[in-house]
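Here's work03.txt, which has compact mmCIF, C-alpha atoms:
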```txt
# COMPACT_ATOMS: atom_id res chain seq x y z
CA MET A 1128 -19.06 -56.23 53.81
CA PHE A 1129 -15.84 -54.37 54.50
CA ASN A 1130 -15.77 -50.64 54.90
CA MET A 1131 -12.93 -48.79 53.25
CA GLN A 1132 -10.61 -48.29 56.20
CA ALA A 1133 -11.11 -51.83 57.50
CA PHE A 1134 -10.41 -53.17 54.03
CA TYR A 1135 -7.19 -51.17 53.81
CA ASN A 1136 -6.11 -52.32 57.27
CA ASN A 1137 -6.67 -55.91 56.20
CA LEU A 1138 -4.57 -55.36 53.07
CA VAL A 1139 -1.75 -54.00 55.22
CA GLY A 1140 -2.06 -57.09 57.39
CA VAL A 1141 -1.66 -59.27 54.32
CA SER A 1142 1.30 -57.15 53.23
CA GLN A 1143 3.05 -57.82 56.51
CA GLU A 1144 2.63 -61.54 55.99
CA ALA A 1145 3.52 -61.36 52.29
CA GLY A 1146 6.38 -63.81 52.60
CA MET A 1147 3.89 -66.51 53.53
CA ILE A 1148 1.66 -66.03 50.50
CA HIS A 1149 1.47 -68.75 47.88
CA LEU A 1150 -0.51 -67.66 44.87
CA ASN A 1151 -3.02 -69.80 43.10
CA GLU A 1152 -1.83 -70.11 39.51
CA SER A 1153 -5.32 -70.56 38.12
CA THR A 1154 -6.54 -67.67 35.99
CA ALA A 1155 -10.16 -68.42 36.73
CA VAL A 1156 -11.98 -65.79 38.72
CA SER A 1157 -12.75 -67.06 42.15
CA THR A 1158 -16.12 -66.05 43.49
CA THR A 1159 -14.58 -66.09 46.94
CA LEU A 1160 -11.53 -64.07 46.03
CA PRO A 1161 -9.11 -64.18 48.94
CA LEU A 1162 -7.73 -60.94 50.28
CA GLN A 1163 -4.27 -62.02 49.18
CA GLN A 1164 -5.28 -61.76 45.53
CA LEU A 1165 -6.78 -58.33 46.09
CA PHE A 1166 -3.55 -57.37 47.81
CA HIS A 1167 -1.57 -58.50 44.77
CA LEU A 1168 -3.50 -56.05 42.63
CA THR A 1169 -1.73 -53.31 44.54
CA TYR A 1170 1.54 -54.44 42.93
CA LEU A 1171 0.37 -53.04 39.61
CA THR A 1172 1.10 -49.67 38.11
CA ARG A 1173 -1.09 -47.72 35.78
CA GLN A 1174 1.19 -48.80 32.95
CA ASP A 1175 0.50 -52.45 33.81
CA LEU A 1176 -3.20 -51.78 33.46
CA ASP A 1177 -2.55 -50.09 30.13
CA ASN A 1178 -0.63 -53.16 28.99
CA VAL A 1179 -3.47 -55.50 29.99
CA LYS A 1180 -5.94 -53.29 28.21
CA SER A 1181 -4.00 -53.10 24.94
CA ALA A 1182 -2.90 -56.75 24.99
CA LEU A 1183 -6.50 -57.91 25.22
CA GLY A 1184 -7.88 -55.31 22.87
CA TRP A 1185 -10.21 -53.86 25.45
CA LYS A 1186 -12.08 -50.75 24.43
CA SER A 1187 -12.44 -49.50 27.96
CA TRP A 1188 -11.10 -50.27 31.40
CA PHE A 1189 -12.18 -53.67 32.65
CA GLN A 1190 -13.84 -54.22 29.28
CA THR A 1191 -17.36 -53.19 30.05
CA SER A 1192 -19.10 -51.51 27.19
CA GLU A 1193 -22.01 -50.49 29.37
CA GLU A 1194 -22.15 -46.96 30.66
CA ALA A 1195 -23.53 -45.48 33.82
CA TRP A 1196 -23.92 -41.74 34.40
CA MET B 1092 -34.88 -57.49 11.53
CA ASN B 1093 -32.58 -56.93 14.50
CA ILE B 1094 -33.73 -55.43 17.77
CA TYR B 1095 -32.09 -52.07 17.13
CA THR B 1096 -33.82 -51.63 13.78
CA GLN B 1097 -37.11 -52.62 15.39
CA ILE B 1098 -36.63 -50.07 18.18
CA TYR B 1099 -35.73 -47.39 15.65
CA GLU B 1100 -38.83 -48.08 13.59
CA LEU B 1101 -41.08 -48.16 16.64
CA VAL B 1102 -39.82 -44.85 18.06
CA SER B 1103 -39.45 -42.99 14.76
CA ALA B 1104 -43.06 -43.93 13.87
CA LEU B 1105 -44.43 -41.87 16.76
CA PRO B 1106 -46.28 -38.89 15.20
CA LEU B 1107 -44.41 -36.20 17.12
CA VAL B 1108 -41.04 -37.78 16.41
CA LYS B 1109 -41.87 -37.61 12.70
CA LEU B 1110 -42.29 -33.85 13.10
CA TRP B 1111 -38.95 -33.46 14.90
CA PRO B 1112 -36.00 -34.36 12.62
CA GLU B 1113 -33.39 -33.70 15.35
CA MET B 1114 -35.00 -36.42 17.49
CA THR B 1115 -34.71 -38.89 14.64
CA ASP B 1116 -31.09 -37.86 14.09
CA VAL B 1117 -30.19 -38.44 17.75
CA LEU B 1118 -32.07 -41.75 17.76
CA GLN B 1119 -30.42 -42.93 14.55
CA ARG B 1120 -26.94 -42.07 15.80
CA ILE B 1121 -27.39 -43.88 19.11
CA VAL B 1122 -29.08 -46.89 17.46
CA GLY B 1123 -25.89 -47.18 15.39
CA LYS B 1124 -23.91 -47.76 18.58
CA LYS B 1125 -26.18 -50.70 19.48
CA PRO B 1126 -26.31 -50.03 23.24
CA ARG B 1127 -26.43 -53.36 25.02
CA ASN B 1128 -28.59 -51.94 27.79
CA TRP B 1129 -31.49 -51.91 25.35
CA GLN B 1130 -31.40 -55.70 25.28
CA LEU B 1131 -31.89 -56.07 29.04
CA PRO B 1132 -35.70 -56.35 28.88
CA LEU B 1133 -35.37 -59.01 26.15
CA ILE B 1134 -33.03 -61.06 28.33
CA THR B 1135 -35.36 -61.23 31.31
CA CYS B 1136 -38.47 -61.65 29.17
CA GLY B 1137 -36.73 -64.63 27.54
CA ALA B 1138 -35.67 -65.97 30.92
CA MET B 1139 -39.33 -65.92 31.98
CA GLY B 1140 -40.28 -67.88 28.86
CA GLY B 1141 -41.63 -64.86 26.98
CA ARG B 1142 -41.19 -63.94 23.33
CA GLU B 1143 -39.04 -61.12 21.94
CA SER B 1144 -42.11 -59.36 20.55
CA GLN B 1145 -43.55 -59.12 24.06
CA ALA B 1146 -40.46 -57.29 25.35
CA LEU B 1147 -40.01 -54.98 22.36
CA PRO B 1148 -42.12 -52.10 23.78
CA ALA B 1149 -40.18 -52.30 27.07
CA ALA B 1150 -36.86 -52.32 25.18
CA ALA B 1151 -37.94 -49.30 23.13
CA ALA B 1152 -39.05 -47.48 26.29
CA ILE B 1153 -35.69 -48.21 27.95
CA ALA B 1154 -33.93 -46.94 24.82
CA CYS B 1155 -35.86 -43.66 24.95
CA LEU B 1156 -35.24 -43.20 28.65
CA GLN B 1157 -31.53 -43.90 28.33
CA ILE B 1158 -31.28 -41.30 25.57
CA SER B 1159 -33.19 -38.85 27.78
CA ILE B 1160 -30.94 -39.45 30.77
CA ILE B 1161 -27.73 -39.12 28.75
CA LEU B 1162 -28.89 -35.93 26.99
CA ILE B 1163 -29.29 -34.36 30.44
CA ASP B 1164 -26.22 -35.98 31.99
CA ASP B 1165 -23.96 -34.69 29.22
CA MET B 1166 -25.09 -31.16 29.99
CA LEU B 1167 -24.58 -31.65 33.73
CA ASP B 1168 -21.09 -33.05 33.10
CA ASP B 1169 -20.20 -30.41 30.51
CA ASP B 1170 -19.27 -33.39 28.32
CA PRO B 1171 -17.47 -32.19 25.18
CA ASN B 1172 -19.05 -35.02 23.17
CA GLY B 1173 -22.61 -34.37 24.33
CA ASP B 1174 -25.40 -33.76 21.81
CA TYR B 1175 -26.11 -30.39 23.44
CA ARG B 1176 -22.84 -29.16 21.90
CA ARG B 1177 -24.24 -29.89 18.45
CA VAL B 1178 -27.90 -28.89 18.78
CA GLY B 1179 -27.66 -26.43 21.68
CA ALA B 1180 -28.75 -26.83 25.29
CA PRO B 1181 -32.37 -25.67 24.76
CA ALA B 1182 -32.99 -28.24 22.02
CA ALA B 1183 -31.23 -30.99 23.97
CA ALA B 1184 -33.29 -30.26 27.10
CA ASN B 1185 -36.55 -30.32 25.16
CA MET B 1186 -35.58 -33.53 23.38
CA ALA B 1187 -34.75 -35.14 26.71
CA VAL B 1188 -38.30 -34.46 27.91
CA ALA B 1189 -39.71 -35.64 24.57
CA PHE B 1190 -37.82 -38.96 24.69
CA GLN B 1191 -39.08 -39.45 28.23
CA SER B 1192 -42.66 -38.98 27.10
CA ALA B 1193 -42.09 -41.22 24.10
CA ALA B 1194 -41.15 -44.07 26.44
CA PHE B 1195 -44.53 -43.96 28.16
CA GLN B 1196 -46.37 -43.58 24.87
CA LEU B 1197 -44.69 -46.72 23.52
CA ILE B 1198 -45.92 -48.72 26.52
CA ALA B 1199 -49.41 -47.25 26.34
CA GLN B 1200 -49.86 -48.22 22.68
CA ALA B 1201 -48.25 -51.68 22.91
CA ASP B 1202 -50.56 -54.36 21.49
CA ALA B 1203 -48.42 -57.12 23.02
CA LEU B 1204 -49.22 -56.02 26.59
CA THR B 1205 -52.38 -56.31 28.65
CA HIS B 1206 -53.85 -53.30 30.40
CA LEU B 1207 -52.48 -54.54 33.73
CA GLN B 1208 -48.99 -55.02 32.28
CA LYS B 1209 -49.05 -51.51 30.82
CA MET B 1210 -50.04 -50.05 34.18
CA THR B 1211 -47.39 -51.98 36.10
CA ILE B 1212 -44.62 -51.30 33.61
CA SER B 1213 -45.48 -47.59 33.41
CA GLN B 1214 -45.48 -47.36 37.20
CA ASN B 1215 -42.01 -48.94 37.33
CA LEU B 1216 -40.67 -46.68 34.59
CA ASN B 1217 -42.07 -43.62 36.30
CA GLU B 1218 -40.52 -44.57 39.63
CA MET B 1219 -37.18 -45.11 37.91
CA VAL B 1220 -37.27 -41.70 36.21
CA PHE B 1221 -38.15 -40.01 39.50
CA ILE B 1222 -35.38 -41.74 41.49
CA THR B 1223 -32.82 -41.14 38.74
CA ALA B 1224 -33.62 -37.42 38.65
CA TYR B 1225 -33.15 -37.29 42.42
CA GLY B 1226 -29.88 -39.22 42.11
CA GLN B 1227 -28.59 -36.85 39.42
CA TYR B 1228 -29.46 -33.93 41.69
CA LYS B 1229 -27.62 -35.54 44.62
CA ASP B 1230 -24.66 -36.28 42.34
CA SER B 1231 -23.96 -32.56 42.13
CA GLN B 1232 -23.23 -32.68 45.88
CA ASN B 1233 -20.20 -34.90 46.39
CA PRO B 1234 -20.57 -37.85 48.78
CA ILE B 1235 -18.58 -37.14 51.93
CA ASP B 1236 -18.41 -40.75 53.13
CA GLU B 1237 -19.01 -44.29 51.98
CA ASP B 1238 -22.63 -44.43 53.15
CA GLU B 1239 -23.44 -41.38 51.06
CA TYR B 1240 -21.66 -42.90 48.08
CA TRP B 1241 -23.70 -46.11 48.15
CA HIS B 1242 -26.89 -44.15 48.67
CA LEU B 1243 -25.99 -42.14 45.58
CA VAL B 1244 -25.35 -45.31 43.53
CA LYS B 1245 -28.71 -46.72 44.57
CA THR B 1246 -30.46 -43.60 43.27
CA LYS B 1247 -28.32 -42.41 40.34
CA SER B 1248 -27.86 -45.23 37.85
CA ALA B 1249 -28.69 -48.58 39.49
CA PRO B 1250 -32.47 -47.93 39.25
CA PHE B 1251 -32.22 -47.80 35.44
CA PHE B 1252 -30.67 -51.26 35.17
CA SER B 1253 -32.97 -52.67 37.82
CA CYS B 1254 -36.00 -51.30 35.98
CA ALA B 1255 -34.79 -52.53 32.57
CA LEU B 1256 -34.53 -56.10 33.82
CA HIS B 1257 -37.73 -55.87 35.86
CA ILE B 1258 -40.00 -54.60 33.09
CA GLY B 1259 -38.67 -57.28 30.76
CA ALA B 1260 -39.85 -59.89 33.25
CA LEU B 1261 -43.17 -58.08 33.65
CA SER B 1262 -43.62 -58.10 29.86
CA ALA B 1263 -43.41 -61.87 29.63
CA ASP B 1264 -46.62 -62.91 31.28
CA ALA B 1265 -49.33 -61.00 33.12
CA GLY B 1266 -49.68 -63.94 35.50
CA SER B 1267 -46.01 -64.14 36.50
CA LEU B 1268 -45.32 -64.77 40.15
CA ALA B 1269 -44.65 -61.51 41.99
CA GLU B 1270 -41.84 -63.19 43.91
CA THR B 1271 -40.05 -64.08 40.67
CA THR B 1272 -40.32 -60.63 39.13
CA GLU B 1273 -39.25 -59.07 42.44
CA ASN B 1274 -36.15 -61.28 42.47
CA VAL B 1275 -35.39 -60.15 38.92
CA ARG B 1276 -35.72 -56.54 40.06
CA GLN B 1277 -33.25 -57.15 42.89
CA LEU B 1278 -30.86 -58.88 40.48
CA GLY B 1279 -31.09 -55.79 38.31
CA ALA B 1280 -30.24 -53.56 41.26
CA LEU B 1281 -27.08 -55.59 41.97
CA TYR B 1282 -26.21 -55.57 38.27
CA GLY B 1283 -26.66 -51.79 38.19
CA GLU B 1284 -24.37 -51.32 41.17
CA MET B 1285 -21.73 -53.48 39.46
CA ILE B 1286 -22.04 -51.37 36.30
CA GLN B 1287 -21.57 -48.23 38.40
CA ILE B 1288 -18.40 -49.59 40.02
CA HIS B 1289 -17.03 -50.51 36.59
CA ASP B 1290 -17.93 -47.06 35.32
CA ASP B 1291 -16.18 -45.42 38.27
CA LEU B 1292 -13.05 -47.50 37.62
CA ASN B 1293 -13.10 -46.74 33.90
CA ASP B 1294 -13.56 -43.03 34.40
CA THR B 1295 -10.93 -42.61 37.09
CA MET B 1296 -8.29 -44.63 35.19
CA ALA B 1297 -8.91 -42.90 31.84
CA GLN B 1298 -6.46 -40.46 30.29
CA PRO B 1299 -6.79 -37.58 29.65
CA ALA B 1300 -8.56 -36.72 32.90
CA ASP B 1301 -12.25 -37.55 32.99
CA PRO B 1302 -14.73 -34.89 34.22
CA ASP B 1303 -14.82 -36.75 37.56
CA TRP B 1304 -11.27 -35.52 38.18
CA LEU B 1305 -11.72 -32.11 36.63
CA LEU B 1306 -14.96 -31.33 38.49
CA GLY B 1307 -13.62 -32.58 41.82
CA ARG B 1308 -16.08 -35.46 42.10
CA SER B 1309 -15.64 -38.55 44.23
CA PRO B 1310 -16.30 -41.81 42.40
CA LEU B 1311 -15.50 -44.87 44.51
CA PRO B 1312 -11.72 -45.16 43.88
CA ILE B 1313 -11.12 -41.46 44.50
CA LEU B 1314 -13.32 -41.50 47.60
CA PHE B 1315 -11.28 -44.43 48.94
CA ALA B 1316 -7.93 -42.72 48.37
CA LYS B 1317 -9.19 -39.49 49.94
CA LEU B 1318 -10.82 -40.98 53.03
CA VAL B 1319 -8.65 -43.95 53.96
CA GLU B 1320 -5.60 -43.24 56.10
CA HIS B 1321 -2.62 -44.37 54.03
CA PRO B 1322 0.89 -42.98 53.53
CA HIS B 1323 0.03 -41.23 50.24
CA GLN B 1324 -3.27 -39.74 51.39
CA ALA B 1325 -1.99 -36.15 51.72
CA ARG B 1326 -0.14 -36.40 48.41
CA PHE B 1327 -3.31 -37.68 46.74
CA TRP B 1328 -5.33 -34.71 47.99
CA SER B 1329 -2.61 -32.40 46.70
CA LEU B 1330 -2.62 -34.08 43.28
CA CYS B 1331 -6.40 -33.77 43.07
CA ASP B 1332 -6.05 -30.03 43.56
CA SER B 1333 -3.70 -29.76 40.56
CA ILE B 1334 -4.76 -32.73 38.46
CA THR B 1335 -4.09 -30.95 35.15
CA ALA B 1336 -0.41 -30.39 36.04
CA PRO B 1337 2.04 -32.53 34.02
CA GLY B 1338 2.32 -36.04 35.49
CA ALA B 1339 -0.27 -35.42 38.21
CA LEU B 1340 -2.99 -37.66 36.77
CA THR B 1341 -0.68 -40.65 36.26
CA GLU B 1342 0.75 -40.29 39.76
CA ALA B 1343 -2.75 -40.04 41.25
CA GLN B 1344 -3.87 -43.10 39.28
CA ASN B 1345 -0.86 -45.06 40.50
CA ILE B 1346 -1.78 -44.14 44.08
CA LEU B 1347 -5.32 -45.41 43.43
CA ILE B 1348 -3.91 -48.81 42.54
CA GLN B 1349 -1.24 -49.00 45.22
CA CYS B 1350 -3.32 -47.78 48.17
CA GLY B 1351 -5.88 -50.52 47.54
CA ALA B 1352 -8.66 -48.38 46.02
CA VAL B 1353 -8.81 -50.52 42.86
CA SER B 1354 -8.66 -53.68 44.99
CA TYR B 1355 -11.57 -52.39 47.03
CA CYS B 1356 -13.63 -51.81 43.90
CA VAL B 1357 -12.84 -55.35 42.74
CA SER B 1358 -13.86 -56.68 46.14
CA GLU B 1359 -17.15 -54.78 46.01
CA LEU B 1360 -17.78 -56.06 42.48
CA LEU B 1361 -17.25 -59.64 43.56
CA SER B 1362 -19.42 -59.37 46.66
CA ARG B 1363 -22.29 -58.18 44.47
CA TYR B 1364 -21.62 -60.92 41.94
CA GLN B 1365 -21.83 -63.51 44.71
CA ALA B 1366 -25.07 -62.02 46.04
CA ALA B 1367 -26.55 -61.96 42.55
CA GLN B 1368 -25.59 -65.58 41.86
CA GLN B 1369 -27.15 -66.62 45.16
CA LEU B 1370 -30.36 -64.77 44.31
CA LEU B 1371 -30.43 -66.22 40.80
CA GLY B 1372 -30.04 -69.69 42.29
CA GLN B 1373 -33.10 -69.12 44.47
CA THR B 1374 -35.23 -67.81 41.59
CA THR B 1375 -37.43 -70.11 39.54
CA LEU B 1376 -36.93 -69.25 35.89
CA PRO B 1377 -37.30 -71.40 32.75
CA ASP B 1378 -33.94 -70.17 31.41
CA LYS B 1379 -31.27 -68.53 33.58
CA GLY B 1380 -28.47 -68.76 31.00
CA GLN B 1381 -28.52 -65.23 29.63
CA ILE B 1382 -28.92 -63.60 33.05
CA ASN B 1383 -26.01 -65.66 34.32
CA ALA B 1384 -23.92 -64.59 31.32
CA LEU B 1385 -24.84 -60.96 31.92
CA LEU B 1386 -23.52 -61.13 35.47
CA THR B 1387 -20.45 -63.23 34.70
CA GLU B 1388 -19.12 -60.96 31.95
CA LEU B 1389 -18.71 -58.25 34.58
CA VAL B 1390 -16.25 -60.30 36.62
CA GLU B 1391 -14.38 -62.21 33.89
CA PRO B 1392 -11.96 -59.34 33.09
CA LEU B 1393 -10.76 -59.44 36.68
CA ALA B 1394 -8.93 -62.71 35.95
CA ASP B 1395 -6.66 -60.85 33.52
CA LEU B 1396 -5.89 -58.20 36.08
CA LEU B 1397 -5.08 -60.80 38.70
CA ALA B 1398 -2.82 -62.62 36.26
CA ALA B 1399 -1.01 -59.35 35.50
CA SER B 1400 -0.39 -58.77 39.19
CA ARG B 1401 1.44 -62.06 39.79
CA ALA B 1402 4.93 -61.12 38.66
CA LYS B 1403 5.04 -57.86 40.54
CA ARG B 1404 6.51 -56.90 43.86
CA PRO B 1405 4.35 -55.43 46.61
CA LEU B 1406 4.33 -51.65 46.98
CA LEU B 1407 1.82 -51.33 49.78
CA PRO B 1408 3.56 -50.23 52.97
```
As structure tokens, how would this structure be written, given the file I've shared?
Amino acid sequence: MFNMQAFYNNLVGVSQEAGMIHLNESTAVSTTLPLQQLFHLTYLTRQDLDNVKSALGWKSWFQTSEEAW
Amino acid sequence: MNIYTQIYELVSALPLVKLWPEMTDVLQRIVGKKPRNWQLPLITCGAMGGRESQALPAAAAIACLQISIILIDDMLDDDPNGDYRRVGAPAAANMAVAFQSAAFQLIAQADALTHLQKMTISQNLNEMVFITAYGQYKDSQNPIDEDEYWHLVKTKSAPFFSCALHIGALSADAGSLAETTENVRQLGALYGEMIQIHDDLNDTMAQPADPDWLLGRSPLPILFAKLVEHPHQARFWSLCDSITAPGALTEAQNILIQCGAVSYCVSELLSRYQAAQQLLGQTTLPDKGQINALLTELVEPLADLLAASRAKRPLLP
């Protein structure tokens, strides 16, 4: 499992190689999500997340109705 | 009769609840929301080949304990929507204790359970209540690093979900293999950690600012942005100090996304999903379908986020 700083460093590494990335067009969630896809999440803005939320009619972020405390 | 009506009737029939109209009011209001957590014992009882009636006492006990935990948590968080605002803190505190006791009474009087099942389930519930109380206490002291954060998650809310799934399995059959029910408990722990990560993401991305921001707490995304060395780290700390200023929350939330904090949460979600699927694969159960669905629904929304990220340009330095 990554720790936070190592994870960030890896993302920066992917960023530096961004020109070489070819995205998988599938919308299925991969259970072995490559770092490149996690890197691409950093392209988003908060407004993008808002748009996803409203377009899909989600009640809460990431559409979980469960609640922790 | 649906499960929520059955839980309502079971709890409201307790003699002391009948004497306490505010308890019935709180119960009725929360039953109306149909919390899905209350179904967790039914799912694992069914997966073990048990009947719904066998898991009903466990589901009712989980319902009472969730109400108890939230009554207290709302006071700790100064939540403007908490029941304590309506009935007052003294009444809310006493009801929290009463709902906790009701949970154990429901198990003790359950005809569907053997004496051994009652003992084992009560022991698990008691352990969960104890750990959760400790976790809530620790939550008032912010985690200073990632190790402390994960320790907090393992004590604060994950035990509830672990226990809910575990006691459902224990309700199915007194002769169930210990290895199987232990695997279900571990699955529940992973599920609980995934719920906590989702909850952290939801709370930190919400507008207006959630109490996590206002009280200076460090859920996982905020902890990441504070601790990791990235170009906007100092700016993020500054924004946290004035989060109610115009535009500060949105800017801070954008930093959370662009510095990789949200990506990290997604990564941690998926690693737990993989571990849970592996464990489920190794566990002998008559019906794994509902447990599998429970886990999968926590990662399905990520596909939409990934799709939304495709047309964008990278911002990470």
task = Could you pull out every residue with an atom within 7 Å of (-0.4, -45.7, 34.4), file coordinates, counting all atoms listed in the file, and send them as a PyMOL selection string?
result = (chain A and resi 1172-1177) or (chain B and resi 1341+1344-1345)
message = Report, in Å with one decimal, the straight-line distance from CA of Thr1375 (chain B) to CA of Ser1362 (chain B).
response =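 Interatomic distance, CA of Thr1375 (chain B) to CA of Ser1362 (chain B): 22.1 Å.
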Please identify all residues of chain B having at least one atom at most 8 Å from any atom of chain A, considering all atoms listed in the file, and return them as a compact mmCIF listing (two decimals) with C-alpha atoms, in the frame of the given file.
```
# COMPACT_ATOMS: atom_id res chain seq x y z
CA PRO B 1126 -26.31 -50.03 23.24
CA ARG B 1127 -26.43 -53.36 25.02
CA ASN B 1128 -28.59 -51.94 27.79
CA ILE B 1161 -27.73 -39.12 28.75
CA ASP B 1164 -26.22 -35.98 31.99
CA GLU B 1237 -19.01 -44.29 51.98
CA LYS B 1247 -28.32 -42.41 40.34
CA SER B 1248 -27.86 -45.23 37.85
CA ILE B 1286 -22.04 -51.37 36.30
CA GLN B 1287 -21.57 -48.23 38.40
CA HIS B 1289 -17.03 -50.51 36.59
CA ASP B 1290 -17.93 -47.06 35.32
CA LEU B 1292 -13.05 -47.50 37.62
CA ASN B 1293 -13.10 -46.74 33.90
CA MET B 1296 -8.29 -44.63 35.19
CA ALA B 1297 -8.91 -42.90 31.84
CA PHE B 1315 -11.28 -44.43 48.94
CA LEU B 1318 -10.82 -40.98 53.03
CA VAL B 1319 -8.65 -43.95 53.96
CA GLU B 1320 -5.60 -43.24 56.10
CA THR B 1341 -0.68 -40.65 36.26
CA GLN B 1344 -3.87 -43.10 39.28
CA ASN B 1345 -0.86 -45.06 40.50
CA ILE B 1348 -3.91 -48.81 42.54
CA GLN B 1349 -1.24 -49.00 45.22
CA CYS B 1350 -3.32 -47.78 48.17
CA GLY B 1351 -5.88 -50.52 47.54
CA VAL B 1353 -8.81 -50.52 42.86
CA SER B 1354 -8.66 -53.68 44.99
CA TYR B 1355 -11.57 -52.39 47.03
CA VAL B 1357 -12.84 -55.35 42.74
CA SER B 1358 -13.86 -56.68 46.14
CA LEU B 1361 -17.25 -59.64 43.56
CA SER B 1362 -19.42 -59.37 46.66
CA TYR B 1364 -21.62 -60.92 41.94
CA GLN B 1365 -21.83 -63.51 44.71
CA LEU B 1389 -18.71 -58.25 34.58
CA VAL B 1390 -16.25 -60.30 36.62
CA GLU B 1391 -14.38 -62.21 33.89
CA PRO B 1392 -11.96 -59.34 33.09
CA LEU B 1393 -10.76 -59.44 36.68
CA ALA B 1394 -8.93 -62.71 35.95
CA ASP B 1395 -6.66 -60.85 33.52
CA LEU B 1396 -5.89 -58.20 36.08
CA LEU B 1397 -5.08 -60.80 38.70
CA ALA B 1398 -2.82 -62.62 36.26
CA ALA B 1399 -1.01 -59.35 35.50
CA SER B 1400 -0.39 -58.77 39.19
CA ARG B 1401 1.44 -62.06 39.79
CA LYS B 1403 5.04 -57.86 40.54
CA ARG B 1404 6.51 -56.90 43.86
CA PRO B 1405 4.35 -55.43 46.61
CA LEU B 1406 4.33 -51.65 46.98
CA LEU B 1407 1.82 -51.33 49.78
CA PRO B 1408 3.56 -50.23 52.97
```
key: Separation of CA of Leu1204 (chain B) from CA of Ile1098 (chain B), in Å and rounded to one decimal   = 16.3 Å
remark   = Using all atoms listed in the file, the residue out of B:Ala1339, B:Val1275, B:Leu1371, B:Val1188 with shortest distance to Trp1304 (chain B) is B:Ala1339
task = Work out how far apart CA of Leu1278 (chain B) and CA of Leu1370 (chain B) are and give it in Å to one decimal.
result =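 Interatomic distance, CA of Leu1278 (chain B) to CA of Leu1370 (chain B): 7.0 Å.
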ask   = Could you pull the residues within 9 Å of Gln1381 (chain B), counting only C-alpha atoms, minus those fewer than 6 positions along the same chain, as a ChimeraX atom specification?
value = /B:1134-1135,1137-1138
ask   = If we count all atoms listed in the file, what is near Asp1174 (chain B) at a cut-off of 9 Å, once residues fewer than 4 positions away on the same chain are taken out, given as a ChimeraX atom specification?
value = /B:1117,1162,1165-1166,1170,1178-1180,1183
key: Residues near Ser1192 (chain B), cut-off 12 Å, only C-alpha atoms, skip fewer than 3 positions along chain, as a list in words   =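 Close residues of Ser1192 (chain B): Val1102, Leu1105, Leu1107, Val1108, Ala1152, Ile1153, Cys1155, Leu1156, Ile1158, Ser1159, Asn1185, Met1186, Ala1187, Val1188, Ala1189, Phe1195, Gln1196, Leu1197, Ile1198, Ala1199, Ser1213, Leu1216, Asn1217 and Val1220 of chain B.
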task = Find, counting all atoms listed in the file, the residue in B:Asn1233, B:Ser1262, B:Gln1298, B:Thr1272 that gets nearest to Met1210 (chain B).
result =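 The closest residue to Met1210 (chain B) is B:Ser1262.
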request  = Anything within 9 Å of (-23.4, -36.8, 42.0): list those residues as a list in words, counting only C-alpha atoms and sticking to the file's coordinates.
outcome  =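 Every residue inside that radius is included here: Gly1226, Gln1227, Tyr1228, Lys1229, Asp1230, Ser1231, Gln1232, Asn1233, Pro1234, Tyr1240, Leu1243, Val1244, Lys1247, Arg1308, Ser1309 and Pro1310 of chain B.
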